[in-house]
$ cat work.cif   # mmCIF, C-alpha atoms
data_data
loop_
_atom_site.label_atom_id
_atom_site.label_comp_id
_atom_site.auth_asym_id
_atom_site.auth_seq_id
_atom_site.Cartn_x
_atom_site.Cartn_y
_atom_site.Cartn_z
CA MET I 13 -107.58 46.41 -93.43
CA LEU I 14 -105.04 43.77 -92.45
CA ASN I 15 -107.63 40.98 -92.26
CA THR I 16 -107.89 40.35 -95.98
CA LEU I 17 -106.07 37.59 -97.78
CA ALA I 18 -104.35 40.13 -100.02
CA ALA I 19 -102.88 41.89 -96.98
CA GLN I 20 -101.53 38.58 -95.69
CA ILE I 21 -99.90 37.76 -99.01
CA ILE I 22 -98.38 41.25 -99.23
CA PHE I 23 -97.11 41.06 -95.66
CA TYR I 24 -95.40 37.71 -96.11
CA LEU I 25 -93.96 38.83 -99.45
CA LEU I 26 -92.54 42.03 -97.94
CA ALA I 27 -91.27 40.16 -94.88
CA ALA I 28 -89.50 37.63 -97.10
CA ILE I 29 -87.92 40.42 -99.17
CA THR I 30 -86.80 42.30 -96.05
CA VAL I 31 -85.40 39.32 -94.18
CA GLY I 32 -83.80 37.85 -97.29
CA PHE I 33 -81.93 41.00 -98.20
CA ALA I 34 -81.03 41.62 -94.56
CA ALA I 35 -79.55 38.11 -94.38
CA LEU I 36 -77.59 38.91 -97.53
CA VAL I 37 -76.30 42.09 -95.82
CA VAL I 38 -75.22 40.12 -92.78
CA PHE I 39 -73.79 36.96 -94.30
CA SER I 40 -72.31 38.14 -97.60
CA ARG I 41 -68.55 37.81 -97.74
CA ASN I 42 -68.20 40.80 -100.05
CA ILE I 43 -68.88 44.18 -98.46
CA VAL I 44 -69.98 45.62 -101.82
CA TYR I 45 -72.76 43.02 -102.09
CA SER I 46 -73.73 43.86 -98.51
CA ALA I 47 -74.02 47.55 -99.34
CA PHE I 48 -76.25 46.89 -102.34
CA ALA I 49 -78.36 44.33 -100.49
CA LEU I 50 -79.02 47.03 -97.89
CA VAL I 51 -81.04 48.84 -100.57
CA GLY I 52 -83.38 45.85 -100.91
CA ALA I 53 -83.77 45.42 -97.17
CA LEU I 54 -84.61 49.10 -96.64
CA MET I 55 -87.09 49.09 -99.54
CA GLY I 56 -88.81 46.07 -98.00
CA VAL I 57 -89.03 47.91 -94.69
CA ALA I 58 -90.55 50.89 -96.53
CA GLY I 59 -93.21 48.52 -97.89
CA ILE I 60 -93.93 47.34 -94.36
CA TYR I 61 -94.37 50.99 -93.35
CA ILE I 62 -96.96 51.47 -96.11
CA LEU I 63 -98.75 48.34 -94.92
CA LEU I 64 -98.88 49.96 -91.48
CA ALA I 65 -100.60 53.03 -92.98
CA ALA I 66 -97.51 55.24 -92.49
CA ASP I 67 -97.20 56.62 -96.02
CA PHE I 68 -95.21 59.72 -95.05
CA VAL I 69 -92.67 57.75 -93.03
CA ALA I 70 -92.28 55.34 -95.94
CA MET I 71 -91.47 58.22 -98.29
CA VAL I 72 -88.97 59.64 -95.77
CA GLN I 73 -87.44 56.16 -95.54
CA VAL I 74 -86.99 55.93 -99.30
CA LEU I 75 -85.63 59.47 -99.64
CA LEU I 76 -83.33 59.56 -96.64
CA TYR I 77 -82.29 55.95 -96.16
CA VAL I 78 -82.19 54.55 -99.66
CA GLY I 79 -81.33 57.84 -101.34
CA GLY I 80 -78.99 59.21 -98.70
CA ILE I 81 -77.50 56.83 -96.19
CA VAL I 82 -77.04 53.87 -98.53
CA VAL I 83 -75.44 56.01 -101.23
CA LEU I 84 -73.13 57.44 -98.56
CA THR I 85 -72.31 53.91 -97.39
CA ILE I 86 -71.53 52.78 -100.93
CA PHE I 87 -69.29 55.83 -101.34
CA ALA I 88 -67.43 54.91 -98.17
CA VAL I 89 -67.04 51.32 -99.36
CA MET I 90 -65.62 52.47 -102.68
CA LEU I 91 -63.28 54.98 -101.03
CA THR I 92 -61.81 52.64 -98.43
CA GLN I 93 -61.69 49.13 -99.86
CA GLY I 94 -59.62 47.33 -102.35
CA ILE I 95 -62.80 46.15 -104.07
CA GLY I 96 -61.34 42.97 -105.46
CA ASP I 97 -60.11 42.04 -102.03
CA VAL I 98 -63.07 39.82 -101.27
CA ALA I 99 -61.46 37.54 -98.76
CA VAL I 100 -60.19 40.25 -96.46
CA SER I 101 -63.03 42.69 -96.80
CA ASN I 102 -65.58 40.93 -94.67
CA ARG I 103 -64.04 38.51 -92.22
CA ALA I 104 -66.31 37.16 -89.55
CA ALA I 105 -64.96 37.20 -86.02
CA GLY I 106 -66.22 34.55 -83.67
CA PRO I 107 -69.44 33.39 -85.36
CA VAL I 108 -70.14 30.87 -82.60
CA ALA I 109 -70.01 33.47 -79.84
CA GLY I 110 -72.08 35.90 -81.91
CA LEU I 111 -74.66 33.22 -82.65
CA ALA I 112 -74.88 32.25 -78.98
CA VAL I 113 -75.43 35.82 -77.81
CA THR I 114 -77.96 36.50 -80.57
CA ALA I 115 -79.88 33.29 -79.93
CA LEU I 116 -80.07 33.99 -76.18
CA ALA I 117 -81.25 37.57 -76.68
CA GLY I 118 -83.68 36.45 -79.38
CA ALA I 119 -85.23 33.76 -77.17
CA VAL I 120 -85.77 36.21 -74.32
CA MET I 121 -87.28 38.87 -76.58
CA LEU I 122 -89.49 36.37 -78.43
CA TYR I 123 -90.81 35.09 -75.11
CA ALA I 124 -91.50 38.63 -73.90
CA THR I 125 -93.15 39.61 -77.18
CA LEU I 126 -95.50 36.67 -77.38
CA ARG I 127 -96.44 36.56 -73.69
CA THR I 128 -97.25 40.24 -73.22
CA PRO I 129 -100.97 41.05 -73.53
CA TRP I 130 -100.64 44.07 -75.83
CA HIS I 131 -103.39 46.63 -75.80
CA ILE I 132 -104.97 46.66 -79.25
CA ALA I 133 -107.25 49.50 -80.26
CA HIS I 134 -110.53 48.64 -81.97
CA ASN I 135 -111.91 50.45 -84.98
CA ILE I 136 -108.58 51.51 -86.45
CA SER I 137 -109.31 54.24 -88.99
CA VAL I 138 -106.73 54.85 -91.68
CA SER I 139 -106.23 58.13 -93.53
CA ALA I 140 -103.42 60.05 -95.19
CA THR I 141 -100.88 60.86 -92.48
CA THR I 142 -98.96 63.86 -93.82
CA TYR I 143 -101.37 66.38 -92.34
CA GLY I 144 -101.31 64.77 -88.89
CA VAL I 145 -97.55 64.25 -88.85
CA GLY I 146 -96.96 67.86 -89.86
CA ASN I 147 -99.27 69.11 -87.14
CA ALA I 148 -97.53 66.90 -84.57
CA PHE I 149 -94.10 68.19 -85.63
CA LEU I 150 -95.08 71.84 -85.34
CA GLY I 151 -97.35 71.31 -82.34
CA ALA I 152 -96.53 68.93 -79.53
CA TYR I 153 -93.07 68.03 -80.86
CA VAL I 154 -91.82 71.45 -81.95
CA LEU I 155 -88.95 71.58 -79.43
CA PRO I 156 -87.46 68.16 -80.38
CA PHE I 157 -87.95 69.15 -84.01
CA GLU I 158 -85.83 72.29 -83.62
CA VAL I 159 -83.21 70.48 -81.53
CA ALA I 160 -82.99 67.81 -84.24
CA SER I 161 -82.13 70.48 -86.79
CA LEU I 162 -79.32 71.63 -84.48
CA VAL I 163 -78.09 68.03 -84.20
CA LEU I 164 -78.04 67.72 -87.99
CA LEU I 165 -76.07 70.96 -88.32
CA ALA I 166 -73.57 69.80 -85.70
CA ALA I 167 -73.24 66.42 -87.44
CA LEU I 168 -72.66 68.15 -90.77
CA ILE I 169 -69.90 70.41 -89.43
CA GLY I 170 -68.40 67.57 -87.41
CA ALA I 171 -68.25 65.31 -90.45
CA VAL I 172 -66.49 68.00 -92.49
CA VAL I 173 -63.94 68.65 -89.73
CA ILE I 174 -63.28 64.98 -88.99
CA SER I 175 -62.90 63.73 -92.55
CA ARG I 176 -60.89 66.69 -93.86
CA GLN I 177 -57.34 65.90 -94.83
CA ASP I 178 -54.82 67.99 -93.01
CA PRO I 179 -53.44 70.70 -95.33
CA PRO I 180 -49.70 70.50 -95.89
CA ALA I 181 -47.61 72.65 -93.57
CA PRO I 182 -47.03 76.11 -95.11
CA GLN I 183 -43.23 76.57 -94.96
CA THR I 184 -41.82 73.00 -94.89
CA GLU I 185 -42.30 71.56 -98.37
CA LYS I 186 -41.97 67.88 -97.55
CA ALA I 187 -42.65 65.16 -100.04
CA GLY I 188 -45.89 63.29 -99.58
CA GLY I 189 -48.24 65.79 -98.00
CA MET G 221 -101.79 31.28 -89.81
CA GLY G 222 -105.37 32.33 -90.55
CA GLY G 223 -107.12 35.30 -89.03
CA GLY G 224 -105.22 38.18 -90.52
CA ILE G 225 -102.00 39.94 -89.67
CA THR G 226 -101.73 40.82 -86.00
CA LEU G 227 -99.37 42.98 -83.98
CA ASP G 228 -97.28 39.92 -83.16
CA HIS G 229 -96.47 39.39 -86.82
CA PHE G 230 -94.87 42.81 -87.06
CA LEU G 231 -93.10 42.47 -83.71
CA VAL G 232 -91.58 39.13 -84.73
CA LEU G 233 -90.49 40.61 -88.06
CA GLY G 234 -88.83 43.46 -86.17
CA LEU G 235 -87.23 40.94 -83.84
CA ILE G 236 -85.76 38.94 -86.73
CA LEU G 237 -84.40 42.11 -88.32
CA PHE G 238 -82.92 43.21 -84.97
CA LEU G 239 -81.22 39.85 -84.42
CA LEU G 240 -79.71 39.92 -87.92
CA GLY G 241 -78.37 43.43 -87.23
CA ALA G 242 -77.04 42.44 -83.82
CA TYR G 243 -75.28 39.40 -85.30
CA CYS G 244 -73.79 41.68 -87.96
CA VAL G 245 -72.49 44.11 -85.34
CA LEU G 246 -71.08 41.31 -83.19
CA THR G 247 -69.22 39.38 -85.87
CA ARG G 248 -68.01 41.97 -88.38
CA ARG G 249 -64.54 43.43 -88.20
CA ASN G 250 -65.15 45.76 -91.11
CA ALA G 251 -66.28 49.08 -89.64
CA ILE G 252 -68.67 49.80 -92.53
CA GLY G 253 -70.24 46.38 -92.02
CA ILE G 254 -70.84 47.27 -88.38
CA LEU G 255 -72.54 50.51 -89.48
CA MET G 256 -74.82 48.49 -91.79
CA GLY G 257 -75.78 46.28 -88.85
CA ILE G 258 -76.68 49.39 -86.87
CA GLU G 259 -78.91 50.56 -89.74
CA LEU G 260 -80.73 47.22 -89.65
CA ILE G 261 -81.25 47.52 -85.88
CA LEU G 262 -82.67 51.04 -86.25
CA ASN G 263 -85.06 49.84 -88.94
CA ALA G 264 -86.22 47.04 -86.67
CA ALA G 265 -86.94 49.61 -83.96
CA ASN G 266 -88.87 51.70 -86.48
CA ILE G 267 -91.03 48.73 -87.48
CA ASN G 268 -91.94 48.33 -83.82
CA TYR G 269 -92.74 52.04 -83.46
CA LEU G 270 -95.04 52.04 -86.46
CA ALA G 271 -96.68 48.74 -85.53
CA PHE G 272 -97.53 50.08 -82.08
CA ALA G 273 -98.71 53.35 -83.61
CA TYR G 274 -101.01 51.50 -86.01
CA PHE G 275 -102.44 48.98 -83.58
CA GLY G 276 -102.72 51.61 -80.85
CA GLY G 277 -105.32 53.47 -82.88
CA ALA G 278 -103.44 54.98 -85.82
CA ARG G 279 -102.14 57.97 -83.92
CA TYR G 280 -99.18 60.08 -84.99
CA ASP G 281 -96.82 59.84 -82.00
CA GLY G 282 -95.18 56.64 -83.20
CA GLN G 283 -94.72 58.01 -86.71
CA VAL G 284 -93.10 61.19 -85.37
CA PHE G 285 -90.70 59.08 -83.33
CA ALA G 286 -89.90 56.95 -86.37
CA ILE G 287 -88.99 60.08 -88.32
CA PHE G 288 -86.78 61.23 -85.45
CA VAL G 289 -85.04 57.85 -85.50
CA ILE G 290 -84.42 58.16 -89.26
CA MET G 291 -83.08 61.69 -88.76
CA LEU G 292 -80.67 60.65 -86.03
CA ALA G 293 -79.65 57.57 -88.03
CA ALA G 294 -78.65 59.90 -90.85
CA ALA G 295 -76.58 62.02 -88.46
CA GLY G 296 -75.02 58.90 -86.95
CA ALA G 297 -74.17 57.43 -90.34
CA VAL G 298 -72.55 60.68 -91.48
CA ILE G 299 -70.38 60.95 -88.37
CA GLY G 300 -69.57 57.24 -88.39
CA LEU G 301 -68.49 57.24 -92.02
CA ALA G 302 -66.41 60.40 -91.47
CA VAL G 303 -64.62 58.71 -88.57
CA ILE G 304 -64.08 55.59 -90.72
CA LEU G 305 -62.58 57.71 -93.51
CA ALA G 306 -60.30 59.48 -91.02
CA ILE G 307 -59.15 56.12 -89.63
CA TYR G 308 -58.55 54.87 -93.17
CA GLN G 309 -56.45 57.92 -94.02
CA ASN G 310 -54.25 57.31 -90.99
CA LEU G 311 -54.06 53.52 -90.82
CA ARG G 312 -54.90 52.46 -94.44
CA THR G 313 -57.40 49.92 -93.09
CA ILE G 314 -60.90 49.94 -91.59
CA ASP G 315 -60.45 46.76 -89.56
CA VAL G 316 -61.76 47.78 -86.14
CA ASP G 317 -59.04 45.76 -84.46
CA ALA G 318 -56.44 48.06 -86.02
CA ALA G 319 -58.02 51.09 -84.35
CA GLU G 320 -56.94 49.79 -80.93
CA THR G 321 -53.75 51.80 -81.43
CA LEU G 322 -55.92 54.70 -80.25
CA SER G 323 -55.68 53.26 -76.75
CA GLY G 324 -51.98 54.12 -76.74
#
$ encode --input "work.cif" --output "structure tokens"
Amino acid sequence: MLNTLAAQIIFYLLAAITVGFAALVVFSRNIVYSAFALVGALMGVAGIYILLAADFVAMVQVLLYVGGIVVLTIFAVMLTQGIGDVAVSNRAAGPVAGLAVTALAGAVMLYATLRTPWHIAHNISVSATTYGVGNAFLGAYVLPFEVASLVLLAALIGAVVISRQDPPAPQTEKAGG
Amino acid sequence: MGGGITLDHFLVLGLILFLLGAYCVLTRRNAIGILMGIELILNAANINYLAFAYFGGARYDGQVFAIFVIMLAAAGAVIGLAVILAIYQNLRTIDVDAAETLSG
């Protein structure tokens, strides 16, 4: 499926979209632009998922990441920043050191990636994945699935407790609150 | 460049995305910016999971793990943003250097 010219064009297009928006997330001086560029990067990644025949994961990505996490991030940006405060909102700390560390790690990982003889299966057959993923979740992976729901519940309660403003003390009516 | 898209193409794409996220985490002082870098890193990991799942014979294990990663990323983002809001309520800033007052 990935041998056709169309697949190559689509791959490079999606890769360009993903990397371009991700670079905008990383290098933009304004945190609001970063938050909105994250939408483009995550949509590009969802396209890559579809190219890899993972249609269900791509839908989960769009629903949860783009519809949930990014909206939450934008909310947090709006709640915490002076939006017009472009200069202060996104200072970079030590770009040279960051670049050095990233380049070193990237060189090592690129070397490892390209030199490893990966095992590639022949005769890859592609079909709709929802049925198989559902069976895997309620079959071999049923225990992690249930534990994950507990983790989500704990995260939900924890977020409510952490971000709640302390109620004003009952008898002392101080100004401010 | 001829000969179709191979596993290496996807792994290098994941690598580039990971490095961008890592650079973001290393250089940002804005706590929300750091969280965005973490999201990029998790997406890079997911690309690797799905690429291995596809080229390993289109099985479902990699996809299940990718969904777990997305689930835990959601939980992590919720907790992280709640902590950031709590810090902002107390310190009126989300510069991570300001939070060093926690060390006492």
$ residues_around --input "work.cif" --residues "stretch 115-121 of chain I" --least-positions-apart "3" --cutoff "10 Å" --atoms "only C-alpha atoms" --output "VMD selection string"
(chain I and resid 109 to 112 124 to 127) or (chain G and resid 231 to 232 235 to 236 238 to 239 242 to 243)
$ resolve_selection --input "work.cif" --expression "the PyMOL selection byres ((chain G) within 7 of (chain I))" --output "short mmCIF file (atom, residue, chain, number, x, y, z; two decimals) with C-alpha atoms, in the coordinates of the input"
data_model
loop_
_atom_site.label_atom_id
_atom_site.label_comp_id
_atom_site.auth_asym_id
_atom_site.auth_seq_id
_atom_site.Cartn_x
_atom_site.Cartn_y
_atom_site.Cartn_z
CA GLY G 223 -107.12 35.30 -89.03
CA GLY G 224 -105.22 38.18 -90.52
CA ILE G 225 -102.00 39.94 -89.67
CA ASP G 228 -97.28 39.92 -83.16
CA LEU G 233 -90.49 40.61 -88.06
CA LEU G 237 -84.40 42.11 -88.32
CA LEU G 239 -81.22 39.85 -84.42
CA LEU G 240 -79.71 39.92 -87.92
CA ALA G 242 -77.04 42.44 -83.82
CA TYR G 243 -75.28 39.40 -85.30
CA CYS G 244 -73.79 41.68 -87.96
CA LEU G 246 -71.08 41.31 -83.19
CA THR G 247 -69.22 39.38 -85.87
CA ARG G 248 -68.01 41.97 -88.38
CA ARG G 249 -64.54 43.43 -88.20
CA ASN G 250 -65.15 45.76 -91.11
CA GLY G 253 -70.24 46.38 -92.02
CA LEU G 270 -95.04 52.04 -86.46
CA ALA G 271 -96.68 48.74 -85.53
CA TYR G 274 -101.01 51.50 -86.01
CA PHE G 275 -102.44 48.98 -83.58
CA GLY G 276 -102.72 51.61 -80.85
CA GLY G 277 -105.32 53.47 -82.88
CA ALA G 278 -103.44 54.98 -85.82
CA TYR G 280 -99.18 60.08 -84.99
CA GLN G 283 -94.72 58.01 -86.71
CA VAL G 284 -93.10 61.19 -85.37
CA ILE G 287 -88.99 60.08 -88.32
CA ALA G 294 -78.65 59.90 -90.85
CA ALA G 295 -76.58 62.02 -88.46
CA ALA G 297 -74.17 57.43 -90.34
CA VAL G 298 -72.55 60.68 -91.48
CA ILE G 299 -70.38 60.95 -88.37
CA LEU G 301 -68.49 57.24 -92.02
CA ALA G 302 -66.41 60.40 -91.47
CA VAL G 303 -64.62 58.71 -88.57
CA LEU G 305 -62.58 57.71 -93.51
CA ALA G 306 -60.30 59.48 -91.02
CA TYR G 308 -58.55 54.87 -93.17
#
$ closest_residue --input "work.cif" --among "I:Leu162, I:Met90, I:Leu155, I:Val74" --to "G:Ile290" --atoms "only C-alpha atoms"
I:Val74
$ closest_residue --input "work.cif" --among "G:Tyr269, G:Gly234, G:Ala264, G:Met256" --to "G:Asp281" --atoms "all atoms listed in the file"
G:Tyr269
$ atom_distance --input "work.cif" --atom1 "atom CA of G:Asn266" --atom2 "atom CA of G:Val316"
27.4 Å
$ atom_distance --input "work.cif" --atom1 "atom CA of G:Leu262" --atom2 "atom CA of I:Val83"
17.4 Å
$ closest_residue --input "work.cif" --among "G:Val245, G:Asn268, G:His229, G:Ile258" --to "G:Gly300" --atoms "only C-alpha atoms"
G:Ile258
